[in-house]
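Enquirer: Contents of run.cif (mmCIF, C-alpha atoms and all ligand atoms) are given next:
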data_upload
#
loop_
_atom_site.label_atom_id
_atom_site.label_comp_id
_atom_site.auth_asym_id
_atom_site.auth_seq_id
_atom_site.Cartn_x
_atom_site.Cartn_y
_atom_site.Cartn_z
CA MET E 1 193.04 19.50 159.94
CA LEU E 2 190.13 18.58 157.70
CA LEU E 3 186.65 19.70 158.63
CA ILE E 4 184.56 16.76 159.83
CA PRO E 5 181.91 16.23 157.15
CA PHE E 6 179.66 13.64 158.86
CA ALA E 7 178.62 12.54 162.31
CA TYR E 8 176.58 9.75 163.77
CA SER E 9 173.11 10.86 164.89
CA LYS E 10 171.90 8.99 167.94
CA ALA E 11 168.33 10.12 167.28
CA LEU E 12 168.27 8.97 163.64
CA GLY E 13 170.52 5.91 164.09
CA ARG E 14 172.66 6.72 161.04
CA TYR E 15 175.37 9.03 159.76
CA VAL E 16 174.19 12.55 158.90
CA CYS E 17 175.36 15.70 157.10
CA PRO E 18 175.54 18.94 159.07
CA ASP E 19 172.63 20.18 156.93
CA GLU E 20 170.07 17.77 158.37
CA VAL E 21 170.50 18.41 162.10
CA ASP E 22 170.08 21.30 164.55
CA GLN E 23 172.97 23.60 165.25
CA GLY E 24 175.53 23.08 168.01
CA LEU E 25 175.12 20.38 170.62
CA LYS E 26 171.42 20.14 169.78
CA CYS E 27 172.44 18.02 166.78
CA GLU E 28 172.77 15.09 169.24
CA CYS E 29 175.60 13.57 167.25
CA ILE E 30 178.68 11.65 168.27
CA CYS E 31 182.03 10.80 166.74
CA THR E 32 182.14 7.03 166.24
CA GLU E 33 185.93 7.10 166.58
CA CYS E 34 186.25 8.52 170.12
CA GLY E 35 182.60 8.28 171.20
CA LYS E 36 182.45 11.94 172.23
CA ALA E 37 179.65 14.40 171.46
CA LEU E 38 180.08 16.56 168.36
CA ILE E 39 178.72 20.01 167.65
CA ALA E 40 177.22 20.99 164.30
CA LYS E 41 178.78 24.21 163.03
CA GLN E 42 176.54 26.05 160.64
CA GLY E 43 178.43 29.31 160.18
CA GLU E 44 178.68 31.69 157.26
CA THR E 45 182.34 31.47 156.34
CA LEU E 46 183.29 27.80 156.34
CA ARG E 47 181.22 25.06 154.79
CA TRP E 48 178.99 23.49 157.41
CA HIS E 49 180.75 20.80 159.39
CA PHE E 50 181.03 19.03 162.73
CA ALA E 51 183.63 19.58 165.43
CA HIS E 52 184.60 18.06 168.74
CA GLN E 53 183.57 20.13 171.74
CA SER E 54 187.08 20.70 173.01
CA ASP E 55 190.59 19.82 171.95
CA SER E 56 190.11 16.09 172.14
CA GLY E 57 193.05 15.05 170.00
CA CYS E 58 190.61 13.25 167.70
CA GLY E 59 190.31 14.70 164.21
CA GLY E 60 187.32 12.59 163.23
CA GLU E 61 189.27 11.04 160.37
CA GLY E 62 188.91 7.62 161.95
CA MET E 63 185.15 8.01 161.75
CA VAL E 64 185.17 8.69 158.00
CA HIS E 65 187.55 5.76 157.59
CA LYS E 66 185.24 3.50 159.62
CA LEU E 67 182.22 4.58 157.59
CA ALA E 68 184.05 3.77 154.34
CA LYS E 69 184.93 0.27 155.57
CA GLU E 70 181.34 -0.30 156.67
CA CYS E 71 180.11 0.76 153.22
CA LEU E 72 182.63 -1.51 151.53
CA LYS E 73 181.39 -4.42 153.60
CA GLU E 74 177.82 -3.67 152.57
CA SER E 75 178.82 -3.60 148.90
CA VAL E 76 179.14 -7.38 148.49
CA THR E 77 177.56 -8.46 145.13
CA LYS E 78 178.15 -4.95 143.73
CA PHE E 79 180.52 -4.25 140.84
CA MET E 80 183.57 -2.02 140.82
CA ARG E 81 184.68 -0.52 137.51
CA PHE E 82 188.36 -0.24 136.75
CA PRO E 83 189.05 2.13 133.88
CA HIS E 84 191.96 1.37 131.56
CA ASP E 85 194.93 3.62 131.13
CA LYS E 86 194.07 5.91 128.21
CA GLU E 87 197.64 6.03 126.93
CA ARG E 88 198.03 2.28 126.76
CA ASP E 89 194.46 1.63 125.77
CA PRO E 90 193.11 4.51 123.66
CA ASP E 91 189.70 2.86 123.34
CA SER E 92 189.30 3.52 127.05
CA LYS E 93 187.69 0.26 128.06
CA TYR E 94 187.10 -0.88 131.59
CA THR E 95 187.20 -4.12 133.53
CA LEU E 96 184.32 -5.06 135.80
CA ALA E 97 185.08 -6.76 139.11
CA LYS E 98 182.33 -8.05 141.34
CA ILE E 99 182.87 -7.83 145.09
CA GLU E 100 182.27 -11.42 146.18
CA SER E 101 183.27 -11.07 149.83
CA VAL E 102 184.82 -8.50 152.17
CA LYS E 103 186.70 -9.04 155.43
CA ILE E 104 187.39 -5.92 157.42
CA GLU E 105 190.61 -5.35 159.43
CA VAL E 106 192.63 -8.35 158.33
CA TRP E 107 195.91 -9.17 160.07
CA MET E 108 198.69 -9.95 157.58
CA GLN E 109 201.14 -12.03 159.57
CA ARG E 110 204.21 -11.94 157.33
CA ALA E 111 203.96 -8.21 156.78
CA ASN E 112 203.19 -7.57 160.45
CA ARG E 113 200.42 -5.23 159.31
CA ARG E 114 196.71 -4.87 159.71
CA VAL E 115 194.99 -3.96 156.44
CA ASP E 116 191.63 -2.23 156.01
CA ALA E 117 189.98 -4.99 154.00
CA GLY E 118 190.61 -8.27 152.26
CA VAL E 119 188.37 -8.60 149.23
CA LEU E 120 187.57 -11.46 146.91
CA PHE E 121 186.82 -10.16 143.42
CA GLY E 122 185.23 -11.95 140.50
CA ILE E 123 186.19 -10.60 137.10
CA TYR E 124 183.54 -10.39 134.43
CA GLU E 125 183.91 -9.91 130.71
CA LYS E 126 181.26 -8.96 128.23
CA GLU E 127 180.52 -11.52 125.55
CA SER E 128 177.66 -10.82 123.20
CA ASP E 129 175.77 -8.68 125.69
CA LEU E 130 176.28 -11.11 128.59
CA TRP E 131 178.66 -10.54 131.45
CA THR E 132 180.48 -13.83 132.15
CA LEU E 133 182.69 -14.71 135.11
CA VAL E 134 186.28 -15.18 133.91
CA THR E 135 188.31 -15.58 137.09
CA HIS E 136 188.59 -14.77 140.79
CA PHE E 137 191.35 -12.99 142.67
CA LYS E 138 192.06 -11.71 146.16
CA ALA E 139 193.11 -8.16 146.87
CA VAL E 140 193.76 -5.87 149.79
CA ILE E 141 191.92 -2.56 149.87
CA GLU E 142 193.26 0.39 151.82
CA ILE E 143 191.05 3.40 152.39
CA CYS E 144 192.98 6.66 152.47
CA VAL E 145 191.39 9.66 154.18
CA THR E 146 194.49 11.84 154.42
CA ASN E 147 197.78 9.90 154.34
CA PRO E 148 198.60 7.60 151.40
CA LYS E 149 200.57 4.43 152.16
CA ASP E 150 204.32 4.95 152.34
CA LYS E 151 207.33 3.02 151.05
CA SER E 152 207.71 0.93 154.19
CA TYR E 153 204.11 -0.30 153.84
CA ILE E 154 204.73 -1.25 150.23
CA SER E 155 207.96 -3.08 151.07
CA ASP E 156 206.31 -4.99 153.96
CA MET E 157 203.32 -5.98 151.85
CA SER E 158 205.33 -6.92 148.75
CA ASN E 159 206.09 -10.28 150.40
CA TYR E 160 202.62 -11.38 149.45
CA SER E 161 201.33 -12.18 146.00
CA ILE E 162 198.31 -10.08 146.80
CA PRO E 163 197.63 -6.84 144.96
CA VAL E 164 196.83 -3.76 147.02
CA LEU E 165 194.33 -1.15 145.89
CA GLU E 166 194.46 2.23 147.56
CA MET E 167 191.26 4.24 147.48
CA ARG E 168 191.66 7.95 148.21
CA LEU E 169 188.46 9.48 149.49
CA ASN E 170 187.32 12.91 148.48
CA GLN E 171 185.30 14.01 151.50
CA GLU E 172 184.04 17.21 149.85
CA GLU E 173 182.54 15.20 147.04
CA ILE E 174 180.93 12.63 149.34
CA LEU E 175 179.35 15.43 151.38
CA ARG E 176 178.18 17.31 148.28
CA ARG E 177 176.47 14.23 146.87
CA ALA E 178 174.92 13.35 150.24
CA ILE E 179 173.43 16.85 150.50
CA ASN E 180 171.99 16.49 146.99
CA GLN E 181 170.32 13.25 148.03
CA LEU E 182 168.82 14.50 151.29
CA SER E 183 165.24 14.32 150.08
CA LYS E 184 165.72 11.23 147.89
CA SER E 185 167.57 8.72 150.04
CA ALA E 186 166.79 7.20 153.45
CA ASP E 187 170.50 7.14 154.24
CA PRO E 188 172.12 9.85 152.10
CA VAL E 189 175.58 9.76 153.67
CA LYS E 190 175.99 6.01 153.27
CA SER E 191 174.56 5.91 149.78
CA SER E 192 176.85 8.76 148.73
CA MET E 193 179.86 6.97 150.20
CA LYS E 194 178.95 3.77 148.36
CA ILE E 195 178.63 5.55 145.01
CA HIS E 196 181.97 7.21 145.70
CA LEU E 197 183.71 3.92 146.44
CA LEU E 198 182.26 1.89 143.59
CA ASN E 199 181.80 4.07 140.57
CA ALA E 200 185.09 4.94 138.93
CA TRP E 201 183.71 7.26 136.29
CA LYS E 202 181.23 9.43 138.03
CA SER E 203 183.30 9.78 141.12
CA SER E 204 186.68 11.21 141.88
CA CYS E 205 187.67 8.62 144.48
CA LYS E 206 191.15 8.00 143.11
CA LYS E 207 191.92 4.30 142.98
CA GLU E 208 195.44 3.06 142.44
CA TRP E 209 197.01 -0.40 142.52
CA ILE E 210 199.99 0.41 144.72
CA ILE E 211 201.06 -3.26 144.60
CA ARG E 212 200.28 -5.15 141.41
CA ASN E 213 201.71 -8.56 142.43
CA GLY E 214 199.10 -11.20 141.81
CA LEU E 215 196.86 -8.94 139.72
CA PRO E 216 195.23 -10.90 136.86
CA SER E 217 196.52 -10.11 133.38
CA LEU E 218 193.14 -8.62 132.50
CA PHE E 219 194.17 -5.72 134.72
CA ARG E 220 197.37 -5.02 132.78
CA ASN E 221 195.96 -1.81 131.39
CA CYS E 222 193.93 -0.82 134.42
CA ILE E 223 194.91 2.17 136.44
ZN ZN E 301 186.33 11.82 167.79
#
Give the structure from the file, written as C-alpha cells.
Ligand SMILES: [Zn+2]
Expert:
Amino acid sequence: MLLIPFAYSKALGRYVCPDEVDQGLKCECICTECGKALIAKQGETLRWHFAHQSDSGCGGEGMVHKLAKECLKESVTKFMRFPHDKERDPDSKYTLAKIESVKIEVWMQRANRRVDAGVLFGIYEKESDLWTLVTHFKAVIEICVTNPKDKSYISDMSNYSIPVLEMRLNQEEILRRAINQLSKSADPVKSSMKIHLLNAWKSSCKKEWIIRNGLPSLFRNCI
C-alpha cells in the first residue's frame, strides 16, 4: 500500500503535507475519503506520511484521487500542454489545449460507467506570436492513482466518439514539490497538484490517450 502523502487539516481548512503539522493525532487531520482521523508519522526510516489510526480498510487513495479532481475543476481557463511524439515529430512541438469547462463524475450511459471528468478543450495554435483558437473537442479524463484502466473499460468506452486521457499521478513528486513550496504558497499541496496535472514538461504526470476516437487531427502526433 502506498504511503498517504497528504491529509485534510481541519484547523487550516486545506490539504497539508506531513511536514507542516504536529506529529501523531495532534496533526488534527482527516481522510476526506472515509472521514476518519489520520495520524502524522514523522519517523526516521520512511518518508513522512499520514496513516489511518487502525486497520480501517481505507488506503487513502480515494482522497488523493478526490484532490486531483478538485484541482482539475479549479483549472478551468488554464492550458494543458500535449507534447508530440519525438519519433514521429523530431522537432518536438506541442499542442496547447485550454480547459474550457470541467464536469466531475459524469455518468456515461451507453458504457454503463462513471468517469472522473468530462472536459471541454479549446485547441490553440500559434500564428505570428498570437495563440488563436482553432477548434473545440470533448474528452474524458481519468485520474490514475494506482490502477490504470483495463481492457474492459476501454471496450466499454469505445462505443463513444470521445477520446479518453488517462493521467497517472506521481504522488512522490507532488509531495516533493509541495514541500518545496511550503513558505511560498498559501496552499502548497493544491498548487503542486495543479502544476503536476497541467504542465507536461516539468512534471512526470504521465498522460496517455487510451482512447483516441474523436481526437482532433492536430493531436495525431501527440502522446
Ligand atoms: Zn480514509
Enquirer: Please identify all polymer residues within 12 Å of Phe79 of chain E, counting all atoms listed in the file, omitting same-chain residues fewer than 5 positions from it, and present them as a compact mmCIF listing (two decimals) with C-alpha atoms, in the coordinates of the input.
Expert:
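Output file result38.txt follows:
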# COMPACT_ATOMS: atom_id res chain seq x y z
CA LEU E 72 182.63 -1.51 151.53
CA TYR E 94 187.10 -0.88 131.59
CA THR E 95 187.20 -4.12 133.53
CA LEU E 96 184.32 -5.06 135.80
CA ALA E 97 185.08 -6.76 139.11
CA LYS E 98 182.33 -8.05 141.34
CA ILE E 99 182.87 -7.83 145.09
CA GLU E 100 182.27 -11.42 146.18
CA SER E 101 183.27 -11.07 149.83
CA LEU E 120 187.57 -11.46 146.91
CA PHE E 121 186.82 -10.16 143.42
CA GLY E 122 185.23 -11.95 140.50
CA ILE E 123 186.19 -10.60 137.10
CA TYR E 124 183.54 -10.39 134.43
CA TRP E 131 178.66 -10.54 131.45
CA LYS E 194 178.95 3.77 148.36
CA ILE E 195 178.63 5.55 145.01
CA LEU E 197 183.71 3.92 146.44
CA LEU E 198 182.26 1.89 143.59
CA ASN E 199 181.80 4.07 140.57
CA ALA E 200 185.09 4.94 138.93
Enquirer: Report the distance between atom CA of Glu87 of chain E and atom CA of Glu125 of chain E in Å, rounded to one decimal place.
Expert: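 Between these atoms lies a distance of 21.4 Å.
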Enquirer: Report as JSON, numbers by chain all protein, DNA and RNA residues lying within 12 Å of Gly24 of chain E, evaluated on all atoms listed in the file, omitting residues in the same chain fewer than 2 positions from it.
Expert: {"E": [18, 19, 21, 22, 26, 27, 28, 29, 30, 37, 38, 39, 40, 41, 42, 43, 48, 49, 50, 51, 52, 53]}
Enquirer: For the selection you just gave me, I'd like the residues written to a file as a short mmCIF file (atom, residue, chain, number, x, y, z; two decimals), in the coordinates of the input, keeping C-alpha atoms.
Expert:
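Saved the output as selection01.cif:
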data_model
loop_
_atom_site.label_atom_id
_atom_site.label_comp_id
_atom_site.auth_asym_id
_atom_site.auth_seq_id
_atom_site.Cartn_x
_atom_site.Cartn_y
_atom_site.Cartn_z
CA PRO E 18 175.54 18.94 159.07
CA ASP E 19 172.63 20.18 156.93
CA VAL E 21 170.50 18.41 162.10
CA ASP E 22 170.08 21.30 164.55
CA LYS E 26 171.42 20.14 169.78
CA CYS E 27 172.44 18.02 166.78
CA GLU E 28 172.77 15.09 169.24
CA CYS E 29 175.60 13.57 167.25
CA ILE E 30 178.68 11.65 168.27
CA ALA E 37 179.65 14.40 171.46
CA LEU E 38 180.08 16.56 168.36
CA ILE E 39 178.72 20.01 167.65
CA ALA E 40 177.22 20.99 164.30
CA LYS E 41 178.78 24.21 163.03
CA GLN E 42 176.54 26.05 160.64
CA GLY E 43 178.43 29.31 160.18
CA TRP E 48 178.99 23.49 157.41
CA HIS E 49 180.75 20.80 159.39
CA PHE E 50 181.03 19.03 162.73
CA ALA E 51 183.63 19.58 165.43
CA HIS E 52 184.60 18.06 168.74
CA GLN E 53 183.57 20.13 171.74
#
Enquirer: List all protein, DNA and RNA residues that have at least one atom no more than 10 Å from any atom of ligand ZN 301 (chain E), counting all atoms listed in the file, and write them as a PyMOL selection string.
Expert: chain E and resi 4+7+30-38+51-53+55-63
Enquirer: Just to be explicit: take each residue in the selection above, keep C-alpha atoms, and write the result as an mmCIF file, in the coordinates of the input.
Expert:
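Below is the file part-v6.cif, written as the result:
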data_model
loop_
_atom_site.group_PDB
_atom_site.id
_atom_site.type_symbol
_atom_site.label_atom_id
_atom_site.label_comp_id
_atom_site.auth_asym_id
_atom_site.auth_seq_id
_atom_site.Cartn_x
_atom_site.Cartn_y
_atom_site.Cartn_z
ATOM 1 C CA ILE E 4 184.560 16.760 159.830
ATOM 2 C CA ALA E 7 178.620 12.540 162.310
ATOM 3 C CA ILE E 30 178.680 11.650 168.270
ATOM 4 C CA CYS E 31 182.030 10.800 166.740
ATOM 5 C CA THR E 32 182.140 7.030 166.240
ATOM 6 C CA GLU E 33 185.930 7.100 166.580
ATOM 7 C CA CYS E 34 186.250 8.520 170.120
ATOM 8 C CA GLY E 35 182.600 8.280 171.200
ATOM 9 C CA LYS E 36 182.450 11.940 172.230
ATOM 10 C CA ALA E 37 179.650 14.400 171.460
ATOM 11 C CA LEU E 38 180.080 16.560 168.360
ATOM 12 C CA ALA E 51 183.630 19.580 165.430
ATOM 13 C CA HIS E 52 184.600 18.060 168.740
ATOM 14 C CA GLN E 53 183.570 20.130 171.740
ATOM 15 C CA ASP E 55 190.590 19.820 171.950
ATOM 16 C CA SER E 56 190.110 16.090 172.140
ATOM 17 C CA GLY E 57 193.050 15.050 170.000
ATOM 18 C CA CYS E 58 190.610 13.250 167.700
ATOM 19 C CA GLY E 59 190.310 14.700 164.210
ATOM 20 C CA GLY E 60 187.320 12.590 163.230
ATOM 21 C CA GLU E 61 189.270 11.040 160.370
ATOM 22 C CA GLY E 62 188.910 7.620 161.950
ATOM 23 C CA MET E 63 185.150 8.010 161.750
#
Enquirer: For each of E:Arg220, E:Lys190, E:Arg14, E:Lys151, take the minimum atom-to-atom distance to Lys93 of chain E, counting all atoms listed in the file, then give the residue where this is smallest.
Expert: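 Nearest to Lys93 of chain E: E:Arg220.
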Enquirer: Could you work out how far atom CA of Val145 of chain E lies from atom CA of Asp116 of chain E, giving the answer in Å with one decimal?
Expert: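 If I compute the distance from atom CA of Asp116 of chain E to atom CA of Val145 of chain E, I get 12.0 Å.
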Enquirer: Just the number, please: distance in Å from atom CA of Ser158 of chain E to atom CA of Lys103 of chain E, one decimal.
Expert: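 Rounded to one decimal, the two atoms are 19.9 Å apart.
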Enquirer: Applying 6 Å and all atoms listed in the file, which residues near segment 160-172 of chain E remain after dropping the ones on its own chain fewer than 2 positions away? List them as a list of chain:residue names.
Expert: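 With the cut-off at 6 Å, the set is E:Ala139, E:Val140, E:Ile141, E:Glu142, E:Ile143, E:Cys144, E:Val145, E:Met157, E:Ser158, E:Ile174, E:Leu175, E:Cys205, E:Lys206, E:Lys207, E:Glu208, E:Trp209, E:Ile210, E:Ile211, E:Arg212, E:Asn213, E:Gly214, E:Leu215.
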Enquirer: When distances are computed from only C-alpha atoms, which of E:Leu130, E:Lys86, E:Thr135, E:Phe6 shows the smallest separation from Leu67 of chain E?
Expert: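 With only C-alpha atoms as the atom set, the closest residue is E:Phe6.
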Enquirer: Which residues are near Val102 of chain E? Cut-off 9 Å, all atoms listed in the file, ignore same chain within fewer than 4 positions. Put them as a VMD selection string.
Expert: chain E and resid 72 to 76 117 to 120
Enquirer: Using all atoms listed in the file for the distances, tell me which of E:Ser217, E:Asn112, E:Gln23, E:Thr45 is nearest to Ser155 of chain E.
Expert: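 Using all atoms listed in the file, the shortest distance to Ser155 of chain E belongs to E:Asn112.
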Enquirer: Which one is closest to Glu105 of chain E: E:Met80, E:Lys69, E:Val16, E:His196? Count only C-alpha atoms.
Expert: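 Checking each of E:Met80, E:Lys69, E:Val16, E:His196 against Glu105 of chain E, counting only C-alpha atoms, the winner is E:Lys69.
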Enquirer: Only N, CA and C atoms, please: segment 107-142 of chain E from the block, as a PDB file, in the first residue's frame.
Expert:
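For reference, decode18.pdb as written:
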ATOM      1  N   TRP E 107     -21.732  10.395 -15.588  1.00  0.00           N
ATOM      2  CA  TRP E 107     -22.267   9.058 -15.878  1.00  0.00           C
ATOM      3  C   TRP E 107     -22.368   8.883 -17.385  1.00  0.00           C
ATOM      4  N   MET E 108     -21.717   7.832 -17.917  1.00  0.00           N
ATOM      5  CA  MET E 108     -21.758   7.556 -19.350  1.00  0.00           C
ATOM      6  C   MET E 108     -22.713   6.384 -19.553  1.00  0.00           C
ATOM      7  N   GLN E 109     -23.913   6.714 -19.963  1.00  0.00           N
ATOM      8  CA  GLN E 109     -25.000   5.744 -20.038  1.00  0.00           C
ATOM      9  C   GLN E 109     -24.668   4.494 -20.864  1.00  0.00           C
ATOM     10  N   ARG E 110     -24.226   4.713 -22.109  1.00  0.00           N
ATOM     11  CA  ARG E 110     -24.035   3.576 -23.012  1.00  0.00           C
ATOM     12  C   ARG E 110     -22.909   2.651 -22.551  1.00  0.00           C
ATOM     13  N   ALA E 111     -21.946   3.234 -21.853  1.00  0.00           N
ATOM     14  CA  ALA E 111     -20.823   2.425 -21.388  1.00  0.00           C
ATOM     15  C   ALA E 111     -21.110   1.857 -20.003  1.00  0.00           C
ATOM     16  N   ASN E 112     -22.193   2.342 -19.371  1.00  0.00           N
ATOM     17  CA  ASN E 112     -22.529   1.916 -18.027  1.00  0.00           C
ATOM     18  C   ASN E 112     -21.359   2.171 -17.069  1.00  0.00           C
ATOM     19  N   ARG E 113     -20.752   3.340 -17.218  1.00  0.00           N
ATOM     20  CA  ARG E 113     -19.562   3.686 -16.429  1.00  0.00           C
ATOM     21  C   ARG E 113     -19.649   5.117 -15.942  1.00  0.00           C
ATOM     22  N   ARG E 114     -19.080   5.326 -14.770  1.00  0.00           N
ATOM     23  CA  ARG E 114     -18.922   6.696 -14.290  1.00  0.00           C
ATOM     24  C   ARG E 114     -17.465   7.099 -14.557  1.00  0.00           C
ATOM     25  N   VAL E 115     -17.257   8.254 -15.175  1.00  0.00           N
ATOM     26  CA  VAL E 115     -15.878   8.674 -15.462  1.00  0.00           C
ATOM     27  C   VAL E 115     -15.495   9.819 -14.527  1.00  0.00           C
ATOM     28  N   ASP E 116     -14.205  10.012 -14.341  1.00  0.00           N
ATOM     29  CA  ASP E 116     -13.735  11.033 -13.392  1.00  0.00           C
ATOM     30  C   ASP E 116     -14.133  12.441 -13.820  1.00  0.00           C
ATOM     31  N   ALA E 117     -13.952  12.745 -15.104  1.00  0.00           N
ATOM     32  CA  ALA E 117     -14.273  14.103 -15.540  1.00  0.00           C
ATOM     33  C   ALA E 117     -14.571  14.151 -17.027  1.00  0.00           C
ATOM     34  N   GLY E 118     -15.515  15.005 -17.379  1.00  0.00           N
ATOM     35  CA  GLY E 118     -15.773  15.321 -18.774  1.00  0.00           C
ATOM     36  C   GLY E 118     -15.262  16.742 -18.992  1.00  0.00           C
ATOM     37  N   VAL E 119     -14.396  16.887 -19.983  1.00  0.00           N
ATOM     38  CA  VAL E 119     -13.732  18.178 -20.167  1.00  0.00           C
ATOM     39  C   VAL E 119     -13.968  18.702 -21.580  1.00  0.00           C
ATOM     40  N   LEU E 120     -14.243  19.991 -21.669  1.00  0.00           N
ATOM     41  CA  LEU E 120     -14.298  20.633 -22.983  1.00  0.00           C
ATOM     42  C   LEU E 120     -12.985  21.375 -23.181  1.00  0.00           C
ATOM     43  N   PHE E 121     -12.264  21.001 -24.229  1.00  0.00           N
ATOM     44  CA  PHE E 121     -10.983  21.637 -24.538  1.00  0.00           C
ATOM     45  C   PHE E 121     -11.136  22.585 -25.721  1.00  0.00           C
ATOM     46  N   GLY E 122     -10.396  23.650 -25.721  1.00  0.00           N
ATOM     47  CA  GLY E 122     -10.232  24.501 -26.884  1.00  0.00           C
ATOM     48  C   GLY E 122      -8.792  24.368 -27.346  1.00  0.00           C
ATOM     49  N   ILE E 123      -8.599  24.117 -28.635  1.00  0.00           N
ATOM     50  CA  ILE E 123      -7.223  23.967 -29.119  1.00  0.00           C
ATOM     51  C   ILE E 123      -6.720  25.276 -29.699  1.00  0.00           C
ATOM     52  N   TYR E 124      -5.524  25.622 -29.337  1.00  0.00           N
ATOM     53  CA  TYR E 124      -4.932  26.882 -29.787  1.00  0.00           C
ATOM     54  C   TYR E 124      -3.681  26.621 -30.613  1.00  0.00           C
ATOM     55  N   GLU E 125      -3.514  27.396 -31.650  1.00  0.00           N
ATOM     56  CA  GLU E 125      -2.283  27.300 -32.440  1.00  0.00           C
ATOM     57  C   GLU E 125      -1.629  28.666 -32.497  1.00  0.00           C
ATOM     58  N   LYS E 126      -0.293  28.612 -32.588  1.00  0.00           N
ATOM     59  CA  LYS E 126       0.444  29.867 -32.582  1.00  0.00           C
ATOM     60  C   LYS E 126       0.617  30.387 -33.999  1.00  0.00           C
ATOM     61  N   GLU E 127       0.129  31.594 -34.231  1.00  0.00           N
ATOM     62  CA  GLU E 127       0.323  32.234 -35.533  1.00  0.00           C
ATOM     63  C   GLU E 127       0.910  33.610 -35.289  1.00  0.00           C
ATOM     64  N   SER E 128       2.063  33.819 -35.821  1.00  0.00           N
ATOM     65  CA  SER E 128       2.821  35.059 -35.622  1.00  0.00           C
ATOM     66  C   SER E 128       2.647  35.624 -34.209  1.00  0.00           C
ATOM     67  N   ASP E 129       3.135  34.818 -33.262  1.00  0.00           N
ATOM     68  CA  ASP E 129       3.183  35.218 -31.853  1.00  0.00           C
ATOM     69  C   ASP E 129       1.842  35.276 -31.125  1.00  0.00           C
ATOM     70  N   LEU E 130       0.745  35.007 -31.855  1.00  0.00           N
ATOM     71  CA  LEU E 130      -0.568  35.031 -31.197  1.00  0.00           C
ATOM     72  C   LEU E 130      -1.156  33.627 -31.137  1.00  0.00           C
ATOM     73  N   TRP E 131      -1.685  33.284 -29.981  1.00  0.00           N
ATOM     74  CA  TRP E 131      -2.347  31.985 -29.868  1.00  0.00           C
ATOM     75  C   TRP E 131      -3.803  32.160 -30.286  1.00  0.00           C
ATOM     76  N   THR E 132      -4.223  31.398 -31.331  1.00  0.00           N
ATOM     77  CA  THR E 132      -5.582  31.539 -31.849  1.00  0.00           C
ATOM     78  C   THR E 132      -6.360  30.246 -31.670  1.00  0.00           C
ATOM     79  N   LEU E 133      -7.625  30.382 -31.304  1.00  0.00           N
ATOM     80  CA  LEU E 133      -8.484  29.209 -31.124  1.00  0.00           C
ATOM     81  C   LEU E 133      -8.772  28.555 -32.472  1.00  0.00           C
ATOM     82  N   VAL E 134      -8.479  27.259 -32.594  1.00  0.00           N
ATOM     83  CA  VAL E 134      -8.695  26.548 -33.846  1.00  0.00           C
ATOM     84  C   VAL E 134      -9.978  25.716 -33.796  1.00  0.00           C
ATOM     85  N   THR E 135     -10.150  24.966 -32.729  1.00  0.00           N
ATOM     86  CA  THR E 135     -11.344  24.120 -32.620  1.00  0.00           C
ATOM     87  C   THR E 135     -11.588  23.712 -31.169  1.00  0.00           C
ATOM     88  N   HIS E 136     -12.773  23.151 -30.941  1.00  0.00           N
ATOM     89  CA  HIS E 136     -13.112  22.611 -29.618  1.00  0.00           C
ATOM     90  C   HIS E 136     -13.252  21.096 -29.704  1.00  0.00           C
ATOM     91  N   PHE E 137     -13.032  20.415 -28.607  1.00  0.00           N
ATOM     92  CA  PHE E 137     -13.418  18.999 -28.559  1.00  0.00           C
ATOM     93  C   PHE E 137     -13.646  18.575 -27.118  1.00  0.00           C
ATOM     94  N   LYS E 138     -14.473  17.509 -26.991  1.00  0.00           N
ATOM     95  CA  LYS E 138     -14.766  16.969 -25.661  1.00  0.00           C
ATOM     96  C   LYS E 138     -13.893  15.754 -25.399  1.00  0.00           C
ATOM     97  N   ALA E 139     -13.491  15.599 -24.155  1.00  0.00           N
ATOM     98  CA  ALA E 139     -12.701  14.432 -23.791  1.00  0.00           C
ATOM     99  C   ALA E 139     -13.077  13.983 -22.386  1.00  0.00           C
ATOM    100  N   VAL E 140     -12.779  12.724 -22.124  1.00  0.00           N
ATOM    101  CA  VAL E 140     -12.924  12.198 -20.769  1.00  0.00           C
ATOM    102  C   VAL E 140     -11.534  12.170 -20.152  1.00  0.00           C
ATOM    103  N   ILE E 141     -11.435  12.574 -18.887  1.00  0.00           N
ATOM    104  CA  ILE E 141     -10.158  12.453 -18.186  1.00  0.00           C
ATOM    105  C   ILE E 141     -10.326  11.473 -17.035  1.00  0.00           C
ATOM    106  N   GLU E 142      -9.413  10.529 -16.964  1.00  0.00           N
ATOM    107  CA  GLU E 142      -9.383   9.591 -15.849  1.00  0.00           C
ATOM    108  C   GLU E 142      -8.097   9.818 -15.072  1.00  0.00           C
TER     109      GLU E 142
END
